[in-house]
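Source file: structure.pdb. Holds: PDB, C-alpha atoms and all ligand atoms.
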```pdb
ATOM      1  CA  MET A   1     -37.629 -81.776  -7.608
ATOM      2  CA  GLY A   2     -33.945 -82.201  -8.415
ATOM      3  CA  VAL A   3     -34.610 -84.338 -11.475
ATOM      4  CA  LEU A   4     -37.419 -82.063 -12.688
ATOM      5  CA  GLY A   5     -35.218 -79.000 -12.171
ATOM      6  CA  ASP A   6     -32.406 -80.589 -14.159
ATOM      7  CA  LEU A   7     -34.828 -81.553 -16.947
ATOM      8  CA  ALA A   8     -36.247 -78.036 -17.093
ATOM      9  CA  GLU A   9     -32.715 -76.679 -17.481
ATOM     10  CA  LEU A  10     -32.139 -79.007 -20.413
ATOM     11  CA  VAL A  11     -35.409 -78.183 -22.147
ATOM     12  CA  LEU A  12     -35.894 -74.456 -21.553
ATOM     13  CA  PRO A  13     -33.878 -71.871 -23.490
ATOM     14  CA  ARG A  14     -30.964 -70.842 -21.328
ATOM     15  CA  ARG A  15     -29.841 -67.370 -20.379
ATOM     16  CA  CYS A  16     -26.674 -66.352 -18.561
ATOM     17  CA  ALA A  17     -27.387 -66.449 -14.820
ATOM     18  CA  GLY A  18     -25.054 -63.477 -14.354
ATOM     19  CA  CYS A  19     -26.261 -60.977 -16.957
ATOM     20  CA  GLY A  20     -29.252 -62.505 -18.768
ATOM     21  CA  ALA A  21     -27.537 -62.741 -22.163
ATOM     22  CA  PRO A  22     -29.022 -65.583 -24.207
ATOM     23  CA  GLY A  23     -26.895 -68.672 -24.541
ATOM     24  CA  GLU A  24     -24.869 -70.465 -21.912
ATOM     25  CA  LEU A  25     -25.495 -71.041 -18.219
ATOM     26  CA  LEU A  26     -22.872 -68.353 -17.612
ATOM     27  CA  CYS A  27     -21.342 -66.236 -20.360
ATOM     28  CA  PRO A  28     -17.542 -65.839 -20.611
ATOM     29  CA  ALA A  29     -17.582 -62.307 -19.143
ATOM     30  CA  CYS A  30     -19.560 -63.430 -16.094
ATOM     31  CA  ARG A  31     -17.297 -66.475 -15.617
ATOM     32  CA  VAL A  32     -14.308 -64.124 -15.515
ATOM     33  CA  ALA A  33     -16.083 -61.825 -13.030
ATOM     34  CA  LEU A  34     -16.915 -64.765 -10.749
ATOM     35  CA  ALA A  35     -13.334 -66.038 -10.847
ATOM     36  CA  ALA A  36     -11.973 -62.875  -9.145
ATOM     37  CA  PRO A  37     -10.089 -63.720  -5.934
ATOM     38  CA  PRO A  38     -12.001 -63.354  -2.651
ATOM     39  CA  GLN A  39     -11.475 -60.173  -0.654
ATOM     40  CA  ARG A  40     -11.522 -59.513   3.079
ATOM     41  CA  VAL A  41     -14.653 -57.594   4.106
ATOM     42  CA  PHE A  42     -15.601 -55.924   7.374
ATOM     43  CA  PRO A  43     -19.298 -56.228   8.250
ATOM     44  CA  PRO A  44     -20.477 -53.846  11.000
ATOM     45  CA  THR A  45     -21.386 -56.713  13.328
ATOM     46  CA  SER A  46     -18.078 -58.539  13.534
ATOM     47  CA  PRO A  47     -18.170 -62.317  13.855
ATOM     48  CA  HIS A  48     -14.743 -62.017  15.601
ATOM     49  CA  VAL A  49     -12.981 -63.866  12.774
ATOM     50  CA  PRO A  50     -11.948 -62.742   9.280
ATOM     51  CA  VAL A  51     -14.754 -62.609   6.723
ATOM     52  CA  PHE A  52     -14.027 -63.059   3.023
ATOM     53  CA  ALA A  53     -16.386 -62.384   0.129
ATOM     54  CA  LEU A  54     -16.155 -63.651  -3.435
ATOM     55  CA  GLY A  55     -17.521 -60.361  -4.740
ATOM     56  CA  PRO A  56     -19.869 -57.425  -4.165
ATOM     57  CA  TYR A  57     -23.641 -57.759  -3.991
ATOM     58  CA  ALA A  58     -23.773 -56.410  -7.534
ATOM     59  CA  GLY A  59     -23.299 -57.540 -11.090
ATOM     60  CA  ALA A  60     -22.696 -61.217 -11.810
ATOM     61  CA  HIS A  61     -22.239 -62.166  -8.143
ATOM     62  CA  ARG A  62     -25.587 -60.701  -7.129
ATOM     63  CA  SER A  63     -27.378 -62.212 -10.111
ATOM     64  CA  VAL A  64     -26.117 -65.747  -9.536
ATOM     65  CA  VAL A  65     -27.039 -65.578  -5.838
ATOM     66  CA  LEU A  66     -30.562 -64.451  -6.734
ATOM     67  CA  GLU A  67     -30.768 -67.136  -9.408
ATOM     68  CA  MET A  68     -29.610 -69.778  -6.930
ATOM     69  CA  LYS A  69     -32.110 -68.699  -4.280
ATOM     70  CA  GLU A  70     -35.169 -67.737  -6.225
ATOM     71  CA  ARG A  71     -35.204 -69.888  -9.307
ATOM     72  CA  ASP A  72     -34.233 -73.246  -7.887
ATOM     73  CA  ASN A  73     -31.421 -73.319 -10.422
ATOM     74  CA  LEU A  74     -29.407 -76.406  -9.531
ATOM     75  CA  ALA A  75     -26.933 -75.976 -12.386
ATOM     76  CA  VAL A  76     -26.057 -72.509 -11.065
ATOM     77  CA  ARG A  77     -25.616 -73.910  -7.545
ATOM     78  CA  ARG A  78     -23.147 -76.464  -8.886
ATOM     79  CA  TYR A  79     -21.250 -73.801 -10.827
ATOM     80  CA  VAL A  80     -21.066 -71.510  -7.802
ATOM     81  CA  GLY A  81     -19.831 -74.501  -5.812
ATOM     82  CA  ALA A  82     -16.883 -74.756  -8.189
ATOM     83  CA  VAL A  83     -16.268 -71.000  -7.820
ATOM     84  CA  LEU A  84     -16.362 -71.381  -4.023
ATOM     85  CA  ALA A  85     -13.906 -74.277  -4.230
ATOM     86  CA  GLY A  86     -11.507 -72.065  -6.187
ATOM     87  CA  ALA A  87     -11.821 -69.296  -3.584
ATOM     88  CA  LEU A  88     -11.094 -71.740  -0.746
ATOM     89  CA  ASP A  89      -8.031 -73.070  -2.612
ATOM     90  CA  TYR A  90      -6.824 -69.493  -3.024
ATOM     91  CA  LEU A  91      -7.278 -68.635   0.673
ATOM     92  CA  GLU A  92      -5.556 -71.881   1.705
ATOM     93  CA  ALA A  93      -2.615 -71.179  -0.592
ATOM     94  CA  ARG A  94      -2.235 -67.707   0.956
ATOM     95  CA  GLY A  95      -2.445 -69.096   4.480
ATOM     96  CA  ASP A  96      -5.624 -67.147   5.207
ATOM     97  CA  ILE A  97      -7.482 -70.335   6.171
ATOM     98  CA  PRO A  98      -6.215 -73.770   7.245
ATOM     99  CA  HIS A  99      -6.271 -76.630   4.756
ATOM    100  CA  GLY A 100      -9.248 -78.956   4.658
ATOM    101  CA  ALA A 101     -11.589 -77.143   7.048
ATOM    102  CA  THR A 102     -15.178 -78.372   7.266
ATOM    103  CA  LEU A 103     -17.717 -76.115   5.548
ATOM    104  CA  VAL A 104     -20.688 -75.162   7.705
ATOM    105  CA  PRO A 105     -23.525 -73.538   5.731
ATOM    106  CA  ALA A 106     -24.972 -70.471   7.469
ATOM    107  CA  PRO A 107     -28.323 -71.321   9.031
ATOM    108  CA  THR A 108     -31.669 -71.021   7.270
ATOM    109  CA  ARG A 109     -35.170 -71.724   8.464
ATOM    110  CA  PRO A 110     -36.151 -75.308   7.666
ATOM    111  CA  SER A 111     -39.279 -74.044   5.883
ATOM    112  CA  SER A 112     -37.360 -71.737   3.527
ATOM    113  CA  ALA A 113     -34.795 -74.421   2.651
ATOM    114  CA  ARG A 114     -37.638 -76.758   1.722
ATOM    115  CA  ALA A 115     -39.349 -74.119  -0.387
ATOM    116  CA  ARG A 116     -36.178 -73.744  -2.461
ATOM    117  CA  GLY A 117     -35.767 -77.454  -3.082
ATOM    118  CA  GLY A 118     -32.926 -77.728  -0.593
ATOM    119  CA  ASP A 119     -30.763 -75.041   0.932
ATOM    120  CA  PRO A 120     -28.820 -73.445  -1.952
ATOM    121  CA  VAL A 121     -25.802 -72.581   0.211
ATOM    122  CA  ALA A 122     -25.561 -76.166   1.463
ATOM    123  CA  GLN A 123     -25.791 -77.416  -2.116
ATOM    124  CA  CYS A 124     -22.996 -75.051  -3.195
ATOM    125  CA  CYS A 125     -20.866 -76.287  -0.302
ATOM    126  CA  ARG A 126     -21.439 -79.924  -1.310
ATOM    127  CA  ALA A 127     -20.543 -79.066  -4.906
ATOM    128  CA  THR A 128     -17.049 -78.044  -3.735
ATOM    129  CA  GLY A 129     -16.315 -81.710  -2.939
ATOM    130  CA  ARG A 130     -15.225 -80.697   0.552
ATOM    131  CA  HIS A 131     -16.480 -81.961   3.895
ATOM    132  CA  VAL A 132     -19.771 -80.219   4.725
ATOM    133  CA  ALA A 133     -21.486 -80.215   8.118
ATOM    134  CA  PRO A 134     -24.929 -78.561   7.894
ATOM    135  CA  VAL A 135     -25.269 -78.356  11.678
ATOM    136  CA  LEU A 136     -26.818 -74.883  12.017
ATOM    137  CA  TRP A 137     -30.426 -73.868  11.536
ATOM    138  CA  LEU A 138     -32.600 -70.854  12.339
ATOM    139  CA  ALA A 139     -35.585 -70.954  14.639
ATOM    140  CA  GLU A 140     -38.781 -70.453  12.647
ATOM    141  CA  ARG A 141     -39.933 -67.400  14.532
ATOM    142  CA  THR A 142     -36.917 -65.223  13.790
ATOM    143  CA  ALA A 143     -38.276 -61.812  12.828
ATOM    144  CA  ASP A 144     -37.703 -60.574   9.290
ATOM    145  CA  GLN A 145     -34.128 -59.286   9.504
ATOM    146  CA  SER A 146     -34.713 -56.563   6.927
ATOM    147  CA  GLN A 147     -37.121 -54.795   9.312
ATOM    148  CA  LEU A 148     -34.618 -54.575  12.171
ATOM    149  CA  THR A 149     -31.838 -52.223  13.214
ATOM    150  CA  ALA A 150     -28.305 -53.610  13.438
ATOM    151  CA  ALA A 151     -28.530 -53.922  17.228
ATOM    152  CA  GLN A 152     -31.882 -55.676  16.987
ATOM    153  CA  ARG A 153     -30.577 -58.052  14.337
ATOM    154  CA  ARG A 154     -27.653 -58.957  16.526
ATOM    155  CA  ALA A 155     -29.830 -59.781  19.541
ATOM    156  CA  ASN A 156     -32.388 -61.505  17.364
ATOM    157  CA  MET A 157     -29.818 -63.633  15.614
ATOM    158  CA  ALA A 158     -27.876 -64.613  18.727
ATOM    159  CA  GLY A 159     -30.982 -66.299  20.084
ATOM    160  CA  ALA A 160     -32.154 -67.737  16.780
ATOM    161  CA  VAL A 161     -29.150 -69.784  15.616
ATOM    162  CA  ARG A 162     -29.601 -73.396  16.701
ATOM    163  CA  LEU A 163     -27.364 -76.412  16.500
ATOM    164  CA  ARG A 164     -28.856 -79.502  14.827
ATOM    165  CA  ALA A 165     -25.931 -81.651  15.908
ATOM    166  CA  ALA A 166     -22.710 -80.769  17.675
ATOM    167  CA  PRO A 167     -19.718 -80.318  15.363
ATOM    168  CA  GLU A 168     -17.096 -83.040  15.656
ATOM    169  CA  PRO A 169     -14.779 -82.430  18.639
ATOM    170  CA  ALA A 170     -12.113 -79.849  17.762
ATOM    171  CA  ALA A 171     -13.535 -79.528  14.237
ATOM    172  CA  THR A 172     -12.192 -76.625  12.209
ATOM    173  CA  CYS A 173     -15.161 -74.942  10.547
ATOM    174  CA  ILE A 174     -15.547 -72.247   7.902
ATOM    175  CA  VAL A 175     -19.025 -70.707   7.953
ATOM    176  CA  VAL A 176     -20.366 -70.152   4.424
ATOM    177  CA  ASP A 177     -23.201 -67.756   3.575
ATOM    178  CA  ASP A 178     -24.648 -66.384   0.357
ATOM    179  CA  VAL A 179     -24.769 -62.669   1.261
ATOM    180  CA  VAL A 180     -23.127 -60.934   4.210
ATOM    181  CA  THR A 181     -24.834 -57.671   5.151
ATOM    182  CA  THR A 182     -24.644 -56.708   8.821
ATOM    183  CA  GLY A 183     -22.651 -59.783   9.829
ATOM    184  CA  ALA A 184     -25.234 -60.721  12.467
ATOM    185  CA  THR A 185     -25.948 -64.165  11.000
ATOM    186  CA  LEU A 186     -22.244 -64.964  10.802
ATOM    187  CA  GLN A 187     -21.636 -63.690  14.322
ATOM    188  CA  GLY A 188     -24.460 -65.813  15.719
ATOM    189  CA  SER A 189     -23.152 -68.824  13.799
ATOM    190  CA  VAL A 190     -19.530 -68.416  14.885
ATOM    191  CA  GLU A 191     -20.512 -67.946  18.519
ATOM    192  CA  LYS A 192     -22.656 -71.085  18.423
ATOM    193  CA  LEU A 193     -19.858 -73.185  16.929
ATOM    194  CA  LEU A 194     -17.210 -71.817  19.308
ATOM    195  CA  ALA A 195     -19.481 -72.533  22.266
ATOM    196  CA  HIS A 196     -19.546 -76.192  21.206
ATOM    197  CA  GLY A 197     -15.801 -76.571  20.949
ATOM    198  CA  ALA A 198     -15.240 -76.005  17.236
ATOM    199  CA  GLU A 199     -12.499 -73.785  15.872
ATOM    200  CA  VAL A 200     -13.709 -71.177  13.389
ATOM    201  CA  PRO A 201     -10.798 -69.498  11.608
ATOM    202  CA  ALA A 202     -12.916 -67.575   9.079
ATOM    203  CA  CYS A 203     -16.224 -67.029   7.332
ATOM    204  CA  ILE A 204     -16.791 -66.740   3.594
ATOM    205  CA  ALA A 205     -19.728 -65.256   1.707
ATOM    206  CA  LEU A 206     -20.570 -65.326  -1.974
ATOM    207  CA  CYS A 207     -21.388 -61.585  -1.865
ATOM    208  CA  ALA A 208     -20.842 -58.662   0.472
ATOM    209  CA  ALA A 209     -23.639 -56.079   0.488
TER     210      ALA A 209
HETATM  211 ZN    ZN A 301     -23.250 -63.099 -18.319
END
```
Starting from the file, lay out its structure as structure tokens.
Ligand SMILES: [Zn+2]
Amino acid sequence: MGVLGDLAELVLPRRCAGCGAPGELLCPACRVALAAPPQRVFPPTSPHVPVFALGPYAGAHRSVVLEMKERDNLAVRRYVGAVLAGALDYLEARGDIPHGATLVPAPTRPSSARARGGDPVAQCCRATGRHVAPVLWLAERTADQSQLTAAQRRANMAGAVRLRAAPEPAATCIVVDDVVTTGATLQGSVEKLLAHGAEVPACIALCAA
């Protein structure tokens, strides 16, 4: 799938993944938009640690996340990985996160990750060149989050986040997600990691809805 996806990107006419303009993978205006520094955000369900977002769930940020998820666009995942790396460098330089933390992709259902040719968030994390520990996953029977109230999401998520393997002892982990909405997924993830002895100084999302 990876090779075929890469070939398709070489052969098919390319449009900007941020705005649809014909031409490059990402046009100059969208590259500038994606390079904006991450901001602290405050989801209603707090994961108990600071949450940063690279941008709003709008414009170029929203488009590249949709492109990453829906279109199996591996080139976009690699580009967003570089954007994420820049955001992590920025937060480290400011002292908002410790240097060299392990990236833990927010959990997905195994079936949905397969359907997308690999979990796009995990692929972005790997594209940063940093240490990645994809230790979280979501139980298959988790109800569709979009149909639930915030309280229901929180309860649903707390029971649904599973650990594939324990994080390394005293690992320092940053949870990475594509879109933060209620914060329930991040909260469930942070609680799971803390319960297994990891330190979780922050979470980061590509977009905040
Ligand atoms: Zn564009």
If you take all atoms listed in the file and a cut-off of 12 Å, which residues of stretch 88-195 of chain A touch stretch 59-64 of chain A, and what are their nearest atom pairs and distances in Å to one decimal, in chain and number order, as a tab-separated table?
```
residue	atom	partner	partner_atom	distance
A:Pro120	CA	A:Val64	CA	11.1
A:Val121	CA	A:Val64	CA	11.9
A:Cys124	CA	A:Val64	CA	11.7
A:Asp178	CA	A:Arg62	CA	9.4
A:Val179	CA	A:Arg62	CA	8.7
A:Val180	CA	A:Arg62	CA	11.6
```
Name the residues that the PyMOL selection byres (((not hetatm)) within 7 of (chain A and resi 301)) picks from the file above, as an mmCIF file with C-alpha atoms, in the coordinates of the input, using the file's chain letters and numbers.
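The new file part_9.cif reads:
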```cif
data_model
loop_
_atom_site.group_PDB
_atom_site.id
_atom_site.type_symbol
_atom_site.label_atom_id
_atom_site.label_comp_id
_atom_site.auth_asym_id
_atom_site.auth_seq_id
_atom_site.Cartn_x
_atom_site.Cartn_y
_atom_site.Cartn_z
ATOM 1 C CA CYS A 16 -26.674 -66.352 -18.561
ATOM 2 C CA ALA A 17 -27.387 -66.449 -14.820
ATOM 3 C CA GLY A 18 -25.054 -63.477 -14.354
ATOM 4 C CA CYS A 19 -26.261 -60.977 -16.957
ATOM 5 C CA GLY A 20 -29.252 -62.505 -18.768
ATOM 6 C CA ALA A 21 -27.537 -62.741 -22.163
ATOM 7 C CA LEU A 26 -22.872 -68.353 -17.612
ATOM 8 C CA CYS A 27 -21.342 -66.236 -20.360
ATOM 9 C CA PRO A 28 -17.542 -65.839 -20.611
ATOM 10 C CA ALA A 29 -17.582 -62.307 -19.143
ATOM 11 C CA CYS A 30 -19.560 -63.430 -16.094
ATOM 12 C CA ALA A 60 -22.696 -61.217 -11.810
#
```
Check which residues of stretch 177-196 of chain A sit at most 7 Å from stretch 148-167 of chain A using only C-alpha atoms, and return one row each with the closest pair of atoms and their distance in Å to one decimal, ordered by chain and rising number, as CSV.
```
residue,atom,partner,partner_atom,distance
A:Thr182,CA,A:Ala150,CA,6.7
A:Ala184,CA,A:Arg154,CA,5.0
A:Thr185,CA,A:Met157,CA,6.0
A:Gly188,CA,A:Ala158,CA,4.7
A:Ser189,CA,A:Val161,CA,6.3
A:His196,CA,A:Ala166,CA,6.6
```
**OP:** Take the point (-17.0, -81.5, 5.2) in the file's coordinates, draw a sphere of radius 6 Å around it, and report as a VMD selection string every protein, DNA or RNA residue with an atom inside or on it, counting only C-alpha atoms.
**Re:** chain A and resid 102 to 103 130 to 133
Could you write out the selected residues, including C-alpha atoms, as a JSON list (two decimals), in the frame of the given file?
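So the final result, stored in part-v3.json, reads:
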```
[["chain", "number", "residue", "atom", "x", "y", "z"],
["A", 102, "THR", "CA", -15.18, -78.37, 7.27],
["A", 103, "LEU", "CA", -17.72, -76.11, 5.55],
["A", 130, "ARG", "CA", -15.22, -80.70, 0.55],
["A", 131, "HIS", "CA", -16.48, -81.96, 3.90],
["A", 132, "VAL", "CA", -19.77, -80.22, 4.72],
["A", 133, "ALA", "CA", -21.49, -80.22, 8.12]]
```
**OP:** State, in Å with one decimal place, the distance from atom CA of A:Val65 to atom CA of A:Ala208.
**Re:** 11.2 Å
Would you compute an axis-aligned box for stretch 97-114 of chain A, covering every atom listed for it in the file with 4 Å of margin on each side, and report centre and edge lengths in Å to one decimal as AutoDock Vina command-line options?
```
--center_x -22.7 --center_y -74.6 --center_z 5.4 --size_x 41.1 --size_y 16.6 --size_z 15.3
```
**OP:** Measure the distance from atom CA of A:Leu136 to atom CA of A:Lys192 in Å and round it to one decimal.
**Re:** 8.5 Å
